[in-house]
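Below is data_5.cif, which holds mmCIF, C-alpha atoms and all ligand atoms.
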data_model
loop_
_atom_site.label_atom_id
_atom_site.label_comp_id
_atom_site.auth_asym_id
_atom_site.auth_seq_id
_atom_site.Cartn_x
_atom_site.Cartn_y
_atom_site.Cartn_z
CA MET S 96 108.02 28.89 -123.91
CA LYS S 97 110.53 29.75 -126.63
CA THR S 98 114.12 30.60 -125.95
CA HIS S 99 115.29 34.03 -127.13
CA PRO S 100 117.35 33.65 -130.35
CA ASP S 101 120.29 35.52 -128.78
CA VAL S 102 120.32 32.91 -126.01
CA THR S 103 119.95 29.95 -128.38
CA GLU S 104 122.97 31.20 -130.33
CA GLN S 105 125.07 31.16 -127.15
CA ILE S 106 123.78 27.73 -126.07
CA ASP S 107 124.70 26.29 -129.46
CA ALA S 108 128.24 27.63 -129.05
CA VAL S 109 128.89 25.77 -125.77
CA PRO S 110 129.68 22.07 -126.22
CA ILE S 111 127.87 19.94 -123.63
CA ASP S 112 128.73 16.26 -123.10
CA GLY S 113 125.43 14.43 -122.58
CA SER S 114 127.03 11.68 -120.51
CA LYS S 115 128.80 13.88 -117.94
CA PRO S 116 127.10 15.61 -114.98
CA LEU S 117 126.33 19.28 -115.52
CA ILE S 118 126.07 22.17 -113.07
CA ILE S 119 124.25 25.26 -114.31
CA THR S 120 124.78 28.16 -111.94
CA ASP S 121 123.49 31.69 -111.69
CA ALA S 122 126.07 34.42 -110.94
CA ASP S 123 124.52 37.28 -108.94
CA GLU S 124 123.99 36.22 -105.32
CA VAL S 125 125.34 32.74 -106.09
CA LEU S 126 128.91 33.34 -107.34
CA VAL S 127 129.25 37.09 -106.77
CA GLN S 128 127.88 39.40 -104.09
CA PHE S 129 125.44 41.50 -106.09
CA ILE S 130 123.68 43.12 -103.12
CA THR S 131 126.92 44.08 -101.36
CA GLY S 132 128.30 45.51 -104.60
CA LEU S 133 125.09 47.38 -105.39
CA ASP S 134 124.82 48.84 -101.90
CA SER S 135 128.39 50.11 -102.04
CA TYR S 136 127.72 51.67 -105.48
CA LEU S 137 124.50 53.31 -104.26
CA GLN S 138 126.28 54.74 -101.20
CA GLU S 139 128.59 56.61 -103.56
CA GLN S 140 125.54 58.09 -105.31
CA GLY S 141 124.02 59.45 -102.07
CA LEU S 142 121.63 56.50 -101.88
CA TYR S 143 121.49 53.25 -99.94
CA LEU S 144 119.75 49.92 -100.00
CA ASP S 145 117.24 49.29 -97.24
CA LEU S 146 116.10 45.76 -97.97
CA GLN S 147 112.58 45.47 -96.61
CA SER S 148 111.43 42.97 -99.22
CA PHE S 149 112.88 40.68 -101.92
CA ALA S 150 113.11 43.50 -104.48
CA ILE S 151 115.40 46.36 -105.40
CA THR S 152 112.70 48.80 -106.53
CA GLY S 153 111.10 50.44 -103.50
CA ASN S 154 114.08 49.63 -101.30
CA VAL S 155 116.55 52.21 -102.62
CA LYS S 156 116.49 55.31 -100.41
CA ARG S 157 118.11 58.75 -100.36
CA GLN S 158 120.68 59.28 -97.60
CA SER S 159 119.51 62.88 -97.13
CA ASP S 160 115.89 62.17 -96.18
CA HIS S 161 115.55 58.34 -96.18
CA VAL S 162 112.80 58.50 -98.80
CA ALA S 163 112.56 55.68 -101.37
CA VAL S 164 113.45 56.90 -104.88
CA ASP S 165 111.24 56.28 -107.94
CA ALA S 166 111.48 53.16 -110.06
CA ASP S 167 113.07 55.04 -112.99
CA VAL S 168 115.86 56.35 -110.73
CA VAL S 169 116.42 52.80 -109.50
CA GLN S 170 116.60 51.56 -113.11
CA GLU S 171 119.13 54.26 -114.07
CA ASN S 172 121.30 53.38 -111.09
CA LEU S 173 121.03 49.66 -111.76
CA GLN S 174 122.12 50.18 -115.37
CA ALA S 175 125.07 52.31 -114.30
CA PHE S 176 125.95 49.80 -111.60
CA PHE S 177 125.99 46.89 -114.08
CA GLU S 178 128.08 48.97 -116.47
CA HIS S 179 130.71 50.01 -113.91
CA ARG S 180 130.79 47.19 -111.39
CA THR S 181 129.98 43.88 -113.13
CA ALA S 182 133.68 43.14 -113.58
CA HIS S 183 134.47 44.01 -109.94
CA LEU S 184 131.95 42.31 -107.68
CA PRO S 185 133.20 40.50 -104.56
CA ALA S 186 133.19 36.70 -104.57
CA VAL S 187 130.69 34.63 -102.65
CA PRO S 188 132.98 32.78 -100.20
CA GLY S 189 133.89 29.24 -101.22
CA ALA S 190 132.29 29.38 -104.69
CA ALA S 191 135.52 29.10 -106.70
CA GLU S 192 136.91 26.31 -104.50
CA ALA S 193 133.69 24.28 -104.59
CA LEU S 194 133.37 24.57 -108.37
CA GLN S 195 137.04 23.72 -108.83
CA SER S 196 136.48 20.47 -106.95
CA LEU S 197 133.17 19.69 -108.68
CA SER S 198 134.67 20.44 -112.11
CA GLU S 199 136.74 17.26 -111.80
CA ARG S 200 133.58 15.26 -112.47
CA ALA S 201 131.03 17.76 -113.78
CA GLN S 202 130.72 20.33 -116.54
CA ILE S 203 130.00 23.83 -115.30
CA ILE S 204 128.12 26.58 -117.12
CA VAL S 205 127.22 30.00 -115.73
CA LEU S 206 123.70 31.09 -116.75
CA SER S 207 123.38 34.76 -115.83
CA ASN S 208 120.75 37.37 -116.61
CA VAL S 209 123.47 39.97 -117.08
CA PRO S 210 122.66 42.24 -120.05
CA LEU S 211 124.22 40.81 -123.22
CA ASP S 212 126.44 43.86 -123.77
CA GLN S 213 127.97 43.28 -120.33
CA LYS S 214 128.67 39.59 -120.84
CA ASP S 215 132.39 40.21 -121.32
CA ALA S 216 132.53 42.21 -118.09
CA ARG S 217 130.76 39.33 -116.31
CA ILE S 218 133.32 36.85 -117.67
CA GLU S 219 136.15 39.15 -116.57
CA GLY S 220 134.66 39.56 -113.09
CA LEU S 221 134.20 35.81 -112.67
CA GLN S 222 137.74 35.07 -113.87
CA ARG S 223 139.01 37.59 -111.33
CA ILE S 224 137.50 35.50 -108.50
CA GLY S 225 138.72 32.19 -109.94
CA VAL S 226 135.51 31.13 -111.69
CA ASP S 227 136.49 30.41 -115.30
CA TYR S 228 133.72 28.51 -117.09
CA PRO S 229 131.48 29.20 -120.10
CA VAL S 230 128.98 32.01 -119.53
CA ILE S 231 125.58 32.30 -121.19
CA ALA S 232 123.80 35.65 -120.89
CA ASN S 233 120.16 34.68 -120.54
CA ILE S 234 117.12 36.88 -121.17
CA GLY S 235 114.01 36.45 -119.01
CA LEU S 236 113.10 33.38 -116.96
CA LYS S 237 115.62 30.57 -117.23
CA GLY S 238 113.52 27.43 -117.63
CA ALA S 239 113.45 27.33 -121.43
CA ALA S 240 117.19 27.87 -121.76
CA ILE S 241 117.85 25.08 -119.24
CA ARG S 242 115.46 22.77 -121.12
CA ASP S 243 117.28 23.48 -124.40
CA MET S 244 120.73 23.02 -122.85
CA THR S 245 119.87 19.68 -121.28
CA ALA S 246 117.48 17.98 -123.71
CA HIS S 247 120.13 15.45 -124.79
CA MET S 248 121.55 14.77 -121.33
CA ASP S 249 121.77 11.38 -119.70
CA ALA S 250 123.58 12.40 -116.51
CA PRO S 251 122.61 14.37 -113.39
CA ILE S 252 122.02 18.08 -113.91
CA PHE S 253 122.00 20.72 -111.17
CA PHE S 254 120.73 24.29 -111.31
CA LEU S 255 121.42 27.00 -108.71
CA ASP S 256 119.69 30.38 -108.52
CA ASP S 257 118.62 32.87 -105.87
CA ILE S 258 115.44 34.02 -107.62
CA PRO S 259 112.41 31.81 -106.91
CA HIS S 260 110.85 32.56 -110.33
CA ASN S 261 113.90 31.05 -112.04
CA ILE S 262 113.82 27.94 -109.86
CA ASP S 263 110.09 27.55 -110.52
CA SER S 264 110.62 28.15 -114.25
CA ALA S 265 113.19 25.35 -114.29
CA ALA S 266 110.71 23.11 -112.45
CA GLU S 267 108.10 23.86 -115.11
CA HIS S 268 110.26 23.46 -118.23
CA ALA S 269 113.11 21.19 -117.11
CA ASP S 270 111.75 18.99 -114.35
CA HIS S 271 114.62 16.50 -114.82
CA VAL S 272 117.05 19.09 -113.43
CA HIS S 273 117.91 19.06 -109.71
CA ARG S 274 117.11 22.54 -108.40
CA ILE S 275 119.06 24.15 -105.56
CA HIS S 276 117.74 27.44 -104.23
CA PHE S 277 120.81 29.44 -103.15
CA VAL S 278 120.78 32.95 -101.67
CA ALA S 279 124.22 34.18 -100.67
CA ASP S 280 123.39 37.51 -99.04
CA PRO S 281 122.13 36.99 -95.47
CA ARG S 282 119.93 40.11 -95.64
CA LEU S 283 118.25 38.74 -98.75
CA ALA S 284 118.20 35.16 -97.51
CA ARG S 285 116.10 35.99 -94.47
CA LEU S 286 113.48 37.65 -96.69
CA ILE S 287 112.85 34.67 -98.89
CA ASP S 288 111.60 31.14 -98.24
CA GLN S 289 112.64 28.11 -100.25
CA ALA S 290 111.15 28.33 -103.74
CA ASP S 291 108.25 25.94 -104.34
CA GLY S 292 110.07 24.41 -107.30
CA ALA S 293 113.31 23.74 -105.42
CA HIS S 294 114.52 20.34 -104.24
CA THR S 295 116.52 22.00 -101.49
CA ARG S 296 117.61 25.34 -100.11
CA ILE S 297 121.31 25.75 -99.38
CA ASP S 298 122.97 29.16 -98.87
CA ASP S 299 126.64 28.25 -98.58
CA TRP S 300 129.11 26.70 -100.98
CA PRO S 301 130.85 24.14 -98.77
CA ALA S 302 127.41 22.58 -98.16
CA VAL S 303 126.52 22.71 -101.89
CA HIS S 304 129.86 21.09 -102.68
CA ASP S 305 129.09 18.15 -100.39
CA TYR S 306 125.47 17.92 -101.56
CA ILE S 307 126.27 17.77 -105.29
CA HIS S 308 129.17 15.35 -104.81
CA GLN S 309 126.83 13.07 -102.88
CA LYS S 310 124.08 13.27 -105.51
CA ILE S 311 126.57 12.44 -108.26
CA ASP S 312 127.89 9.55 -106.16
CA GLU S 313 124.35 8.22 -105.81
CA SER S 314 123.78 8.48 -109.56
CA GLY S 315 126.76 6.25 -110.32
CA HIS S 316 128.38 8.82 -112.66
MG MG S 401 120.91 35.84 -109.17
#

For this file, write the structure as structure tokens.
Amino acid sequence: MKTHPDVTEQIDAVPIDGSKPLIITDADEVLVQFITGLDSYLQEQGLYLDLQSFAITGNVKRQSDHVAVDADVVQENLQAFFEHRTAHLPAVPGAAEALQSLSERAQIIVLSNVPLDQKDARIEGLQRIGVDYPVIANIGLKGAAIRDMTAHMDAPIFFLDDIPHNIDSAAEHADHVHRIHFVADPRLARLIDQADGAHTRIDDWPAVHDYIHQKIDESGH
């Protein structure tokens, strides 16, 4: 699997110390509350999110008649949501504090599938909640990007994401990376089991904080 050139360019621009632990974290539903933000945006459009499965499409309904809207309407609303709300999403509780503590011994990079033209808004939104680390706007599954970022590493690497396909992609292409399946939103969390490719499933930051510190302790770094 090849990494998209737009992603490679961003990876090359972020210096990574091969001898220092690295935490690669997703943003939506790990650092920021995507579902809560999306639902509140949809409510303003006369729609709402009725999460019956681990998907957006099919679960967006009209307030007037409770009928699910078509995939193209969902896409339009998602695009508008990303455009208007990426810089203003609520924080996942404890994320900033945990990363602040972990940053004393680990490098931190945010690997988000935010559209490239909204990368600046993502950075702004993360800074607003106290998460100020390099951001890479990925395209597609994340395994190849993680492989490329970590090929030269000789220290523990951790990856957090809510989407099982991304965890499994990391397992396939970057098996040396410790994979934490993290789903912040409780509505979403109950719909999804631990990804096959994950080492563990943890849905809250204080627990992730303790877990990663312990793993780094064990590694001797
Ligand atoms: Mg996510």

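The interatomic distance for the pair atom CA of S:Val155 and atom CA of S:Ala186 works out to 22.8 Å.
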
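Shortest separation to S:His304 among S:Asn233, S:Gln174, S:Gln195, S:Asn261 occurs at residue S:Gln195, atoms counted being all atoms listed in the file.
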
As JSON: centre and edge lengths in Å, one decimal, of the axis-aligned box holding stretch 299-302 of chain S with 8 Å per side:
{"center_x": 128.7, "center_y": 25.4, "center_z": -99.6, "size_x": 20.2, "size_y": 21.7, "size_z": 18.8}

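When atom CA of S:His271 is paired with atom CA of S:Asp112, their separation reads 16.4 Å.
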
### Query
What lies within 12 Å of S:Glu139 using only C-alpha atoms, ignoring chain neighbours under 6 positions off, as a PyMOL selection string?
chain S and resi 132-133+157-158+172+176

Cut-off 12 Å: closest stretch 108-213 of chain S/stretch 218-231 of chain S atom pairs per residue, using all atoms listed in the file, as a tab-separated table:
residue	atom	partner	partner_atom	distance
S:Ala108	CA	S:Ile231	CA	9.5
S:Val109	CA	S:Pro229	CA	7.1
S:Pro110	CA	S:Pro229	CA	9.6
S:Ile111	CA	S:Pro229	CA	10.5
S:Leu117	CA	S:Tyr228	CA	11.9
S:Ile118	CA	S:Tyr228	CA	10.7
S:Ile119	CA	S:Val230	CA	9.8
S:Thr120	CA	S:Val230	CA	9.5
S:Asp121	CA	S:Val230	CA	9.6
S:Ala122	CA	S:Leu221	CA	8.4
S:Asp123	CA	S:Leu221	CA	10.5
S:Val125	CA	S:Leu221	CA	11.5
S:Leu126	CA	S:Leu221	CA	7.9
S:Val127	CA	S:Leu221	CA	7.8
S:Gln128	CA	S:Leu221	CA	11.2
S:Phe129	CA	S:Gly220	CA	11.7
S:Phe177	CA	S:Gly220	CA	11.4
S:Glu178	CA	S:Gly220	CA	12.0
S:His179	CA	S:Gly220	CA	11.2
S:Arg180	CA	S:Gly220	CA	8.7
S:Thr181	CA	S:Gly220	CA	6.4
S:Ala182	CA	S:Gly220	CA	3.7
S:His183	CA	S:Gly220	CA	5.5
S:Leu184	CA	S:Gly220	CA	6.6
S:Pro185	CA	S:Ile224	CA	7.7
S:Ala186	CA	S:Ile224	CA	6.0
S:Val187	CA	S:Ile224	CA	9.0
S:Pro188	CA	S:Ile224	CA	9.8
S:Gly189	CA	S:Ile224	CA	10.3
S:Ala190	CA	S:Val226	CA	7.9
S:Ala191	CA	S:Val226	CA	5.4
S:Glu192	CA	S:Gly225	CA	8.2
S:Ala193	CA	S:Val226	CA	10.0
S:Leu194	CA	S:Val226	CA	7.7
S:Gln195	CA	S:Val226	CA	8.1
S:Ser196	CA	S:Val226	CA	11.7
S:Ser198	CA	S:Tyr228	CA	9.5
S:Ala201	CA	S:Tyr228	CA	11.6
S:Gln202	CA	S:Tyr228	CA	8.7
S:Ile203	CA	S:Tyr228	CA	6.2
S:Ile204	CA	S:Pro229	CA	5.2
S:Val205	CA	S:Val230	CA	4.6
S:Leu206	CA	S:Ile231	CA	5.0
S:Ser207	CA	S:Ile231	CA	6.3
S:Asn208	CA	S:Ile231	CA	8.4
S:Val209	CA	S:Ile231	CA	9.0
S:Pro210	CA	S:Ile231	CA	10.4
S:Leu211	CA	S:Ile231	CA	8.9
S:Asp212	CA	S:Ile218	CA	11.6
S:Gln213	CA	S:Ile218	CA	8.8

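Taking atom MG of ligand MG 401 (chain S) and atom CA of S:Glu313 as the two end points, the separation is 28.0 Å.
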
### Message
Set the distance at 10 Å and use all atoms listed in the file: which residues neighbour S:Lys310 once local chain neighbours fewer than 4 positions away are removed? I'd like the list as JSON, numbers by chain.
### Response
{"S": [251, 252, 253, 273, 305, 306, 314, 315, 316]}

### Message
I'd like the neighbourhood of S:Gln147 as a list in words, where a residue qualifies if any of its atoms comes within 9 Å (using only C-alpha atoms), though same-chain residues fewer than 5 positions away should be ignored.
### Response
Gly153, Asn154 and Leu286 of chain S

### Summary
In terms of all atoms listed in the file, the residue from S:Gly141, S:Pro259, S:Gly113, S:Gly292 at minimal distance from ligand MG 401 (chain S) is S:Pro259

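Minimum atom-to-atom distance to S:Pro281, evaluated using only C-alpha atoms, belongs to S:Asp299 out of S:Asp249, S:Asp299, S:Asp101, S:Glu267.
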
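Proximity ranking of S:Asp257, S:Asp167, S:Ala284, S:Arg242 relative to S:Asp270 places S:Arg242 first, based on all atoms listed in the file.
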
### Query
Got a sec: who's within 8 Å of S:Asp280, counting all atoms listed in the file, leaving out chain neighbours fewer than 2 positions off, as a ChimeraX atom specification?
/S:124,128,130-131,278,282-284

### Message
Using all atoms listed in the file, which protein or nucleic acid residues come within 7 Å of S:Lys156? Drop anything in the same chain fewer than 4 positions from it, and give the result as JSON, numbers by chain.
### Response
{"S": [142, 143, 144, 145, 161, 162, 163, 164]}

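With all atoms listed in the file as the atoms that count, the minimum distance from ligand MG 401 (chain S) to the choices S:Ile258, S:Leu173, S:Ala239, S:Ala216 is reached by S:Ile258.
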
Kindly reconstruct stretch 172-189 of chain S with N, CA, C and O atoms and present the result as a PDB file, keeping the file's coordinate frame.
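Output below, filename out28.pdb:
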ATOM      1  N   ASN S 172     120.176  53.753-111.953  1.00  0.00           N
ATOM      2  CA  ASN S 172     121.300  53.380-111.090  1.00  0.00           C
ATOM      3  C   ASN S 172     121.703  51.930-111.294  1.00  0.00           C
ATOM      4  O   ASN S 172     122.900  51.610-111.266  1.00  0.00           O
ATOM      5  N   LEU S 173     120.720  51.073-111.501  1.00  0.00           N
ATOM      6  CA  LEU S 173     121.030  49.660-111.760  1.00  0.00           C
ATOM      7  C   LEU S 173     121.832  49.516-113.051  1.00  0.00           C
ATOM      8  O   LEU S 173     122.812  48.774-113.114  1.00  0.00           O
ATOM      9  N   GLN S 174     121.395  50.242-114.085  1.00  0.00           N
ATOM     10  CA  GLN S 174     122.120  50.180-115.370  1.00  0.00           C
ATOM     11  C   GLN S 174     123.549  50.646-115.217  1.00  0.00           C
ATOM     12  O   GLN S 174     124.483  50.013-115.704  1.00  0.00           O
ATOM     13  N   ALA S 175     123.723  51.769-114.505  1.00  0.00           N
ATOM     14  CA  ALA S 175     125.070  52.310-114.300  1.00  0.00           C
ATOM     15  C   ALA S 175     125.909  51.352-113.452  1.00  0.00           C
ATOM     16  O   ALA S 175     127.099  51.151-113.710  1.00  0.00           O
ATOM     17  N   PHE S 176     125.263  50.757-112.470  1.00  0.00           N
ATOM     18  CA  PHE S 176     125.950  49.800-111.600  1.00  0.00           C
ATOM     19  C   PHE S 176     126.464  48.608-112.421  1.00  0.00           C
ATOM     20  O   PHE S 176     127.624  48.211-112.333  1.00  0.00           O
ATOM     21  N   PHE S 177     125.572  48.021-113.250  1.00  0.00           N
ATOM     22  CA  PHE S 177     125.990  46.890-114.080  1.00  0.00           C
ATOM     23  C   PHE S 177     127.154  47.283-114.984  1.00  0.00           C
ATOM     24  O   PHE S 177     128.122  46.541-115.145  1.00  0.00           O
ATOM     25  N   GLU S 178     127.052  48.488-115.543  1.00  0.00           N
ATOM     26  CA  GLU S 178     128.080  48.970-116.470  1.00  0.00           C
ATOM     27  C   GLU S 178     129.438  49.105-115.783  1.00  0.00           C
ATOM     28  O   GLU S 178     130.463  48.702-116.315  1.00  0.00           O
ATOM     29  N   HIS S 179     129.441  49.675-114.565  1.00  0.00           N
ATOM     30  CA  HIS S 179     130.710  50.010-113.910  1.00  0.00           C
ATOM     31  C   HIS S 179     131.226  48.926-112.976  1.00  0.00           C
ATOM     32  O   HIS S 179     132.426  48.876-112.713  1.00  0.00           O
ATOM     33  N   ARG S 180     130.360  48.077-112.471  1.00  0.00           N
ATOM     34  CA  ARG S 180     130.790  47.190-111.390  1.00  0.00           C
ATOM     35  C   ARG S 180     130.734  45.692-111.704  1.00  0.00           C
ATOM     36  O   ARG S 180     131.225  44.888-110.908  1.00  0.00           O
ATOM     37  N   THR S 181     130.132  45.321-112.838  1.00  0.00           N
ATOM     38  CA  THR S 181     129.980  43.880-113.130  1.00  0.00           C
ATOM     39  C   THR S 181     131.316  43.153-113.079  1.00  0.00           C
ATOM     40  O   THR S 181     131.393  42.014-112.621  1.00  0.00           O
ATOM     41  N   ALA S 182     132.375  43.795-113.537  1.00  0.00           N
ATOM     42  CA  ALA S 182     133.680  43.140-113.580  1.00  0.00           C
ATOM     43  C   ALA S 182     134.391  43.166-112.225  1.00  0.00           C
ATOM     44  O   ALA S 182     135.507  42.648-112.104  1.00  0.00           O
ATOM     45  N   HIS S 183     133.750  43.780-111.204  1.00  0.00           N
ATOM     46  CA  HIS S 183     134.470  44.010-109.940  1.00  0.00           C
ATOM     47  C   HIS S 183     133.678  43.612-108.702  1.00  0.00           C
ATOM     48  O   HIS S 183     133.902  44.167-107.630  1.00  0.00           O
ATOM     49  N   LEU S 184     132.761  42.682-108.841  1.00  0.00           N
ATOM     50  CA  LEU S 184     131.950  42.310-107.680  1.00  0.00           C
ATOM     51  C   LEU S 184     132.713  41.322-106.785  1.00  0.00           C
ATOM     52  O   LEU S 184     133.445  40.469-107.269  1.00  0.00           O
ATOM     53  N   PRO S 185     132.530  41.445-105.459  1.00  0.00           N
ATOM     54  CA  PRO S 185     133.200  40.500-104.560  1.00  0.00           C
ATOM     55  C   PRO S 185     132.661  39.079-104.717  1.00  0.00           C
ATOM     56  O   PRO S 185     131.496  38.883-105.059  1.00  0.00           O
ATOM     57  N   ALA S 186     133.547  38.121-104.439  1.00  0.00           N
ATOM     58  CA  ALA S 186     133.190  36.700-104.570  1.00  0.00           C
ATOM     59  C   ALA S 186     132.260  36.279-103.440  1.00  0.00           C
ATOM     60  O   ALA S 186     132.356  36.778-102.323  1.00  0.00           O
ATOM     61  N   VAL S 187     131.385  35.343-103.715  1.00  0.00           N
ATOM     62  CA  VAL S 187     130.690  34.630-102.650  1.00  0.00           C
ATOM     63  C   VAL S 187     131.700  33.617-102.100  1.00  0.00           C
ATOM     64  O   VAL S 187     132.282  32.842-102.865  1.00  0.00           O
ATOM     65  N   PRO S 188     131.941  33.627-100.779  1.00  0.00           N
ATOM     66  CA  PRO S 188     132.980  32.780-100.200  1.00  0.00           C
ATOM     67  C   PRO S 188     132.795  31.297-100.561  1.00  0.00           C
ATOM     68  O   PRO S 188     131.684  30.772-100.481  1.00  0.00           O
ATOM     69  N   GLY S 189     133.900  30.682-100.973  1.00  0.00           N
ATOM     70  CA  GLY S 189     133.890  29.240-101.220  1.00  0.00           C
ATOM     71  C   GLY S 189     133.404  28.825-102.598  1.00  0.00           C
ATOM     72  O   GLY S 189     133.527  27.654-102.961  1.00  0.00           O
TER      73      GLY S 189
END
